[in-house]
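Student: Compact mmCIF, C-alpha atoms, saved as coords_17.txt, coming up:
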```
# COMPACT_ATOMS: atom_id res chain seq x y z
CA MET A 1 114.80 -16.86 111.23
CA VAL A 2 115.98 -15.54 107.92
CA PHE A 3 113.44 -17.73 106.18
CA PHE A 4 110.52 -16.26 108.14
CA LEU A 5 111.83 -12.76 107.50
CA LEU A 6 112.02 -13.38 103.73
CA LEU A 7 108.58 -14.98 103.80
CA SER A 8 107.13 -11.93 105.54
CA VAL A 9 108.67 -9.61 102.97
CA VAL A 10 107.25 -11.69 100.10
CA ILE A 11 103.76 -11.78 101.67
CA MET A 12 103.79 -8.00 102.30
CA THR A 13 104.91 -7.36 98.71
CA LEU A 14 102.20 -9.58 97.25
CA ASP A 15 99.57 -8.01 99.50
CA HIS A 16 100.70 -4.53 98.55
CA ARG A 17 100.49 -5.23 94.83
CA TRP A 18 97.56 -7.67 94.51
CA HIS A 19 95.78 -7.31 97.96
CA TYR A 20 95.83 -11.04 98.69
CA LEU A 21 95.46 -10.54 102.46
CA ALA A 22 92.51 -8.11 102.44
CA SER A 23 90.05 -10.78 103.49
CA VAL A 24 92.42 -11.92 106.22
CA ARG A 25 92.72 -8.40 107.59
CA SER A 26 88.95 -7.99 107.50
CA GLY A 27 88.49 -11.18 109.51
CA LEU A 28 91.12 -10.20 112.04
CA SER A 29 89.55 -6.73 112.51
CA LEU A 30 86.20 -8.43 113.12
CA LEU A 31 87.78 -10.58 115.80
CA ILE A 32 89.64 -7.69 117.40
CA TYR A 33 86.63 -5.27 117.43
CA PRO A 34 85.09 -6.64 120.69
CA VAL A 35 88.42 -6.22 122.42
CA GLN A 36 88.73 -2.61 121.15
CA ALA A 37 85.15 -1.88 122.19
CA ALA A 38 85.79 -3.24 125.68
CA VAL A 39 88.96 -1.20 126.05
CA ASP A 40 87.17 1.90 124.77
CA LEU A 41 84.32 1.25 127.20
CA VAL A 42 86.80 1.26 130.08
CA THR A 43 88.92 4.21 128.95
CA ALA A 44 86.05 6.47 127.75
CA PRO A 45 84.97 7.54 131.28
CA LEU A 46 88.60 8.19 132.16
CA ARG A 47 89.02 10.38 129.10
CA SER A 48 85.75 12.20 129.85
CA ALA A 49 86.79 12.75 133.46
CA GLY A 50 90.18 14.06 132.39
CA LEU A 51 88.55 16.39 129.86
CA ALA A 52 86.07 17.60 132.48
CA PHE A 53 88.85 18.28 135.00
CA SER A 54 90.98 20.06 132.40
CA SER A 55 87.98 22.11 131.26
CA ARG A 56 87.11 23.01 134.84
CA ALA A 57 90.70 24.03 135.57
CA ALA A 58 90.75 26.11 132.39
CA LEU A 59 87.47 27.76 133.35
CA LEU A 60 88.73 28.51 136.86
CA ASP A 61 91.90 30.05 135.42
CA GLU A 62 89.81 32.10 133.02
CA ILE A 63 87.51 33.25 135.84
CA ARG A 64 90.50 34.27 137.98
CA GLY A 65 91.95 36.18 135.04
CA LEU A 66 88.64 37.93 134.41
CA ARG A 67 88.32 38.86 138.08
CA ILE A 68 91.81 40.35 138.11
CA HIS A 69 91.01 42.23 134.90
CA GLN A 70 87.77 43.48 136.42
CA GLU A 71 89.60 44.73 139.52
CA LEU A 72 92.06 46.58 137.31
CA LEU A 73 89.20 48.10 135.33
CA ASP A 74 87.41 49.08 138.54
CA ALA A 75 90.55 50.79 139.80
CA GLN A 76 90.95 52.61 136.50
CA LEU A 77 87.28 53.59 136.58
CA GLN A 78 87.65 55.03 140.09
CA ARG A 79 90.67 56.99 138.90
CA MET A 80 88.72 58.25 135.90
CA VAL A 81 85.84 59.30 138.16
CA THR A 82 88.30 61.19 140.38
CA LEU A 83 89.91 62.87 137.37
CA GLU A 84 86.50 63.76 135.95
CA ALA A 85 85.46 65.36 139.25
CA GLU A 86 88.77 67.23 139.40
CA ASN A 87 88.31 68.43 135.82
CA ARG A 88 84.83 69.69 136.68
CA ARG A 89 86.20 71.59 139.68
CA LEU A 90 88.99 73.12 137.60
CA ARG A 91 86.56 74.09 134.83
CA ARG A 92 84.35 75.80 137.40
CA LEU A 93 87.38 77.56 138.85
CA LEU A 94 88.49 78.72 135.41
CA HIS A 95 84.93 79.80 134.65
CA THR A 96 84.95 81.84 137.85
CA SER A 97 88.32 83.22 136.82
CA ARG A 98 86.89 84.40 133.51
CA GLU A 99 83.93 86.06 135.20
CA THR A 100 86.01 88.11 137.63
CA VAL A 101 87.92 91.19 136.60
CA GLU A 102 90.73 90.40 139.01
CA GLU A 103 93.87 88.42 138.29
CA THR A 104 93.40 84.84 139.53
CA ARG A 105 95.50 81.72 139.99
CA VAL A 106 94.68 78.18 141.10
CA ALA A 107 96.37 76.71 144.19
CA GLU A 108 96.07 73.37 145.96
CA ILE A 109 95.37 72.71 149.63
CA VAL A 110 98.25 70.74 151.16
CA ALA A 111 97.34 70.77 154.87
CA VAL A 112 94.41 71.52 157.17
CA ASP A 113 94.65 72.73 160.76
CA LEU A 114 93.11 70.07 163.00
CA ASP A 115 92.55 72.44 165.92
CA PRO A 116 88.77 72.42 166.54
CA PHE A 117 88.84 76.09 167.60
CA THR A 118 90.51 77.41 164.44
CA ARG A 119 89.77 77.14 160.74
CA GLN A 120 92.99 77.38 158.77
CA ILE A 121 94.47 75.70 155.70
CA VAL A 122 97.87 75.65 154.00
CA ILE A 123 98.18 76.05 150.22
CA ASN A 124 101.11 75.32 147.90
CA LYS A 125 101.64 78.91 146.75
CA GLY A 126 103.86 81.40 148.54
CA ALA A 127 105.97 84.52 148.18
CA ARG A 128 107.67 83.21 145.05
CA ASP A 129 104.18 83.14 143.47
CA ASN A 130 103.43 86.76 144.55
CA VAL A 131 101.06 85.71 147.34
CA PHE A 132 100.68 88.40 150.00
CA PRO A 133 99.06 88.65 153.48
CA GLY A 134 95.42 89.64 153.29
CA GLN A 135 94.95 88.20 149.80
CA PRO A 136 91.40 86.91 149.18
CA LEU A 137 90.85 83.20 148.73
CA LEU A 138 87.88 81.85 146.72
CA ASP A 139 86.51 78.64 145.31
CA ALA A 140 84.05 78.17 142.47
CA ASN A 141 81.10 78.94 144.79
CA GLY A 142 82.24 81.90 146.85
CA VAL A 143 84.67 83.44 149.33
CA MET A 144 86.73 81.02 151.44
CA GLY A 145 88.92 83.36 153.47
CA GLN A 146 92.15 85.29 153.27
CA ILE A 147 95.90 84.73 153.51
CA VAL A 148 97.35 85.46 156.96
CA HIS A 149 100.90 84.13 156.66
CA VAL A 150 103.19 83.80 153.63
CA ALA A 151 106.26 81.57 153.36
CA PRO A 152 108.44 81.24 150.26
CA TYR A 153 106.72 78.10 148.95
CA SER A 154 103.45 77.96 150.90
CA SER A 155 100.89 80.15 152.62
CA THR A 156 98.43 79.86 155.50
CA ALA A 157 94.87 81.02 154.97
CA LEU A 158 92.22 81.88 157.57
CA LEU A 159 88.77 80.63 156.55
CA ILE A 160 85.69 82.82 156.94
CA THR A 161 84.28 80.41 159.56
CA ASP A 162 87.22 80.96 161.93
CA PRO A 163 86.01 82.73 165.12
CA SER A 164 88.56 85.52 164.60
CA HIS A 165 87.49 86.26 161.02
CA ALA A 166 84.96 88.86 159.86
CA VAL A 167 84.09 89.97 156.35
CA PRO A 168 81.98 92.99 155.30
CA VAL A 169 78.95 91.81 153.32
CA GLN A 170 75.74 93.14 151.90
CA VAL A 171 72.42 91.57 151.01
CA ASN A 172 72.44 91.10 147.26
CA ARG A 173 68.71 91.79 147.03
CA ASN A 174 68.65 95.26 148.57
CA GLY A 175 72.23 96.25 149.46
CA LEU A 176 71.77 96.01 153.26
CA ARG A 177 75.26 96.02 154.77
CA ALA A 178 76.39 93.73 157.59
CA ILE A 179 79.39 91.88 159.01
CA ALA A 180 79.65 88.08 158.63
CA VAL A 181 81.56 86.66 161.60
CA GLY A 182 82.96 83.13 161.87
CA THR A 183 81.61 80.84 164.56
CA GLY A 184 84.16 78.02 164.50
CA ALA A 185 81.61 75.69 162.88
CA SER A 186 82.36 74.77 159.30
CA ASN A 187 78.84 75.54 158.07
CA ARG A 188 77.71 78.62 159.99
CA LEU A 189 78.33 82.37 160.07
CA ASP A 190 76.75 84.92 162.38
CA LEU A 191 75.50 88.35 161.37
CA PRO A 192 75.50 90.49 164.53
CA PHE A 193 74.01 93.97 164.86
CA ILE A 194 71.15 93.42 162.39
CA PRO A 195 68.15 95.48 163.63
CA ASN A 196 64.91 93.63 164.25
CA ASN A 197 63.15 95.70 161.59
CA ALA A 198 65.87 95.23 158.94
CA ASP A 199 64.80 94.00 155.50
CA ILE A 200 66.50 90.62 155.50
CA ARG A 201 64.95 87.25 154.67
CA ILE A 202 65.82 83.58 154.77
CA GLY A 203 67.38 82.68 151.42
CA ASP A 204 68.98 86.07 150.86
CA VAL A 205 72.44 85.84 149.30
CA LEU A 206 75.23 87.75 151.01
CA VAL A 207 78.02 89.10 148.82
CA THR A 208 81.19 91.00 149.61
CA SER A 209 80.55 94.74 149.88
CA GLY A 210 84.11 95.80 149.08
CA LEU A 211 84.30 97.95 152.22
CA GLY A 212 87.71 97.90 153.86
CA GLY A 213 89.46 97.13 150.58
CA ARG A 214 90.34 93.57 151.56
CA PHE A 215 87.78 91.61 149.52
CA PRO A 216 86.71 92.72 146.03
CA PRO A 217 82.97 93.50 145.85
CA GLY A 218 80.33 91.18 144.45
CA HIS A 219 81.64 87.74 145.41
CA PRO A 220 79.14 85.36 147.12
CA VAL A 221 79.84 84.73 150.79
CA ALA A 222 76.84 83.00 152.36
CA THR A 223 73.10 82.39 152.27
CA VAL A 224 70.83 83.42 155.15
CA THR A 225 69.38 80.30 156.79
CA ARG A 226 67.95 81.52 160.11
CA ILE A 227 66.41 84.73 161.46
CA GLN A 228 65.16 85.03 165.02
CA ASN A 229 63.68 88.26 166.37
CA GLU A 230 63.52 88.76 170.13
CA PRO A 231 61.66 91.82 171.46
CA SER A 232 64.00 91.93 174.46
CA ARG A 233 67.02 92.41 172.21
CA PRO A 234 67.73 95.35 169.92
CA TYR A 235 69.20 93.10 167.25
CA ALA A 236 67.97 90.00 165.45
CA TRP A 237 69.70 86.64 165.62
CA VAL A 238 70.79 85.96 162.03
CA GLU A 239 72.72 82.91 160.83
CA ALA A 240 74.04 82.12 157.36
CA THR A 241 75.65 79.15 155.59
CA PRO A 242 78.81 79.77 153.53
CA THR A 243 78.40 79.24 149.80
CA ALA A 244 81.99 78.02 149.45
CA HIS A 245 82.72 74.33 150.03
CA LEU A 246 85.08 74.83 152.94
CA ASP A 247 85.41 71.14 153.91
CA GLY A 248 85.23 69.28 150.60
CA ILE A 249 87.48 71.18 148.21
CA ARG A 250 91.11 70.61 147.20
CA GLU A 251 91.70 73.52 144.82
CA VAL A 252 91.28 77.21 145.65
CA LEU A 253 91.49 80.44 143.72
CA LEU A 254 93.86 83.25 144.67
CA VAL A 255 92.78 86.75 143.64
CA TRP A 256 94.90 89.80 142.84
CA THR A 257 93.00 93.08 142.52
CA ARG A 258 94.75 95.32 140.04
CA PRO A 259 94.07 97.90 137.30
CA LYS A 260 93.39 96.32 133.91
CA HIS A 261 96.55 97.75 132.34
CA GLN A 262 98.84 96.25 135.01
CA LYS A 263 100.14 92.72 135.39
CA ILE A 264 101.24 90.88 138.50
CA ARG A 265 104.79 91.87 139.26
CA GLN A 266 107.03 88.86 138.99
CA VAL A 267 109.50 88.49 141.85
CA SER A 268 112.56 86.29 142.02
CA PRO A 269 112.43 83.25 144.32
CA PRO A 270 113.73 83.96 147.84
CA THR A 271 117.21 82.86 148.72
CA GLU A 272 117.82 79.90 150.93
CA SER A 273 118.98 82.08 153.82
CA THR A 274 115.70 84.00 153.97
CA GLU A 275 113.43 80.97 153.66
CA GLU A 276 111.12 80.52 156.62
CA LYS A 277 110.51 77.21 158.30
CA TRP A 278 106.95 75.94 158.43
CA ALA A 279 105.19 72.67 159.03
CA PRO A 280 102.29 71.49 156.84
```
What's the structure tokens form of this structure?
Tutor:
Amino acid sequence: MVFFLLLSVVIMTLDHRWHYLASVRSGLSLLIYPVQAAVDLVTAPLRSAGLAFSSRAALLDEIRGLRIHQELLDAQLQRMVTLEAENRRLRRLLHTSRETVEETRVAEIVAVDLDPFTRQIVINKGARDNVFPGQPLLDANGVMGQIVHVAPYSSTALLITDPSHAVPVQVNRNGLRAIAVGTGASNRLDLPFIPNNADIRIGDVLVTSGLGGRFPPGHPVATVTRIQNEPSRPYAWVEATPTAHLDGIREVLLVWTRPKHQKIRQVSPPTESTEEKWAP
């Protein structure tokens, strides 16, 4: 055993220094090549199949990751679209605020009355924000209504389409005065007591007249959409569509009419004992 071990060491040393076994190795590799080729022929499909399965699994994982990323981006895009629309509404509100001479403040709608016979909303501004009963309520397109009830931290507003609401208006084209009365429908106002021979046309814009002192003059209220004259009646049947977006708006504009040299009087928040209970 020791002899064979020493002989192997001597042969390896001689081969390393003078390459005596190079021809032997070449002959052995020639004999072994068919065996290696056969083994490679058998294992190559297995390796290819394994690579294909691993590549497919990697692709599926990548596709799942991309889908999740796309869903996240879609959600962010929807949020950005919502924020962009909200920014546009606020810019329009602020633009309206700059155009009016009254003091204005933005409020948010927090609840809507679901009673089909009334048109009321609840906003997130109340007595602590100097809101008062009868205060006009606008959006970027026109008059929405007025405040009818004030709580410390919220207020209830009656929309112009409520059947119990009426607002003095005038035709912007010629100054013809009328009363716009709510019908209960979200997109219709009636103008009663308009004579058959009155100068009013479809498309005329109705603005607040300022009569009664409740609404400041000059704010858009509605657009005339229907006129029907009946000889048997002394008055024409006139309908108008509100210019304000009464059903699809989330921010409103509160208006304080005041002299230019005055500011809104700041009041301290009401105490807990005087706070009224209300339900949104």
Student: Please compute the CA of Arg88 in chain A-CA of Ser186 in chain A distance, one decimal, in Å.
Tutor: 23.3 Å
Student: How close does range 173-231 of chain A get to range 237-248 of chain A? List, as a Markdown table, each residue of range 173-231 of chain A within 10 Å, its nearest atom pair and the distance in Å to one decimal, counting all atoms listed in the file.
Tutor:
```
| residue | atom | partner | partner_atom | distance |
| --- | --- | --- | --- | --- |
| A:Ala180 | CA | A:Ala240 | CA | 8.3 |
| A:Val181 | CA | A:Glu239 | CA | 9.6 |
| A:Gly182 | CA | A:Pro242 | CA | 9.9 |
| A:Thr183 | CA | A:Glu239 | CA | 9.9 |
| A:Ser186 | CA | A:Leu246 | CA | 6.9 |
| A:Asn187 | CA | A:Thr241 | CA | 5.4 |
| A:Arg188 | CA | A:Thr241 | CA | 4.9 |
| A:Leu189 | CA | A:Ala240 | CA | 5.1 |
| A:Asp190 | CA | A:Glu239 | CA | 4.8 |
| A:Leu191 | CA | A:Val238 | CA | 5.3 |
| A:Pro192 | CA | A:Val238 | CA | 7.0 |
| A:Phe193 | CA | A:Trp237 | CA | 8.5 |
| A:Ile194 | CA | A:Val238 | CA | 7.5 |
| A:Pro195 | CA | A:Trp237 | CA | 9.2 |
| A:Asn196 | CA | A:Trp237 | CA | 8.6 |
| A:Ile200 | CA | A:Val238 | CA | 9.1 |
| A:Arg201 | CA | A:Val238 | CA | 9.5 |
| A:Ile202 | CA | A:Ala240 | CA | 8.7 |
| A:Gly203 | CA | A:Ala240 | CA | 8.9 |
| A:Asp204 | CA | A:Ala240 | CA | 9.1 |
| A:Val205 | CA | A:Thr243 | CA | 8.9 |
| A:Leu206 | CA | A:Ala240 | CA | 8.6 |
| A:Val207 | CA | A:Thr243 | CA | 9.9 |
| A:Pro220 | CA | A:Thr243 | CA | 6.7 |
| A:Val221 | CA | A:Pro242 | CA | 5.8 |
| A:Ala222 | CA | A:Pro242 | CA | 4.0 |
| A:Thr223 | CA | A:Ala240 | CA | 5.2 |
| A:Val224 | CA | A:Ala240 | CA | 4.1 |
| A:Thr225 | CA | A:Ala240 | CA | 5.0 |
| A:Arg226 | CA | A:Glu239 | CA | 5.0 |
| A:Ile227 | CA | A:Val238 | CA | 4.6 |
| A:Gln228 | CA | A:Trp237 | CA | 4.9 |
| A:Asn229 | CA | A:Trp237 | CA | 6.3 |
| A:Glu230 | CA | A:Trp237 | CA | 7.9 |
```
Student: Please report the interatomic distance between CA of Pro133 in chain A and CA of Ile147 in chain A in Å with one decimal.
Tutor: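 These two atoms are separated by 5.0 Å.
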Student: What does the distance from CA of Leu254 in chain A to CA of Gly142 in chain A come to in Å, to one decimal?
Tutor: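 So the two atoms, CA of Leu254 in chain A and CA of Gly142 in chain A, lie 11.9 Å apart.
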Student: Got a sec: who's within 9 Å of Gln120 in chain A, counting all atoms listed in the file, leaving out chain neighbours fewer than 4 positions off, as number ranges by chain?
Tutor: A: 111-115, 145, 156-159, 162
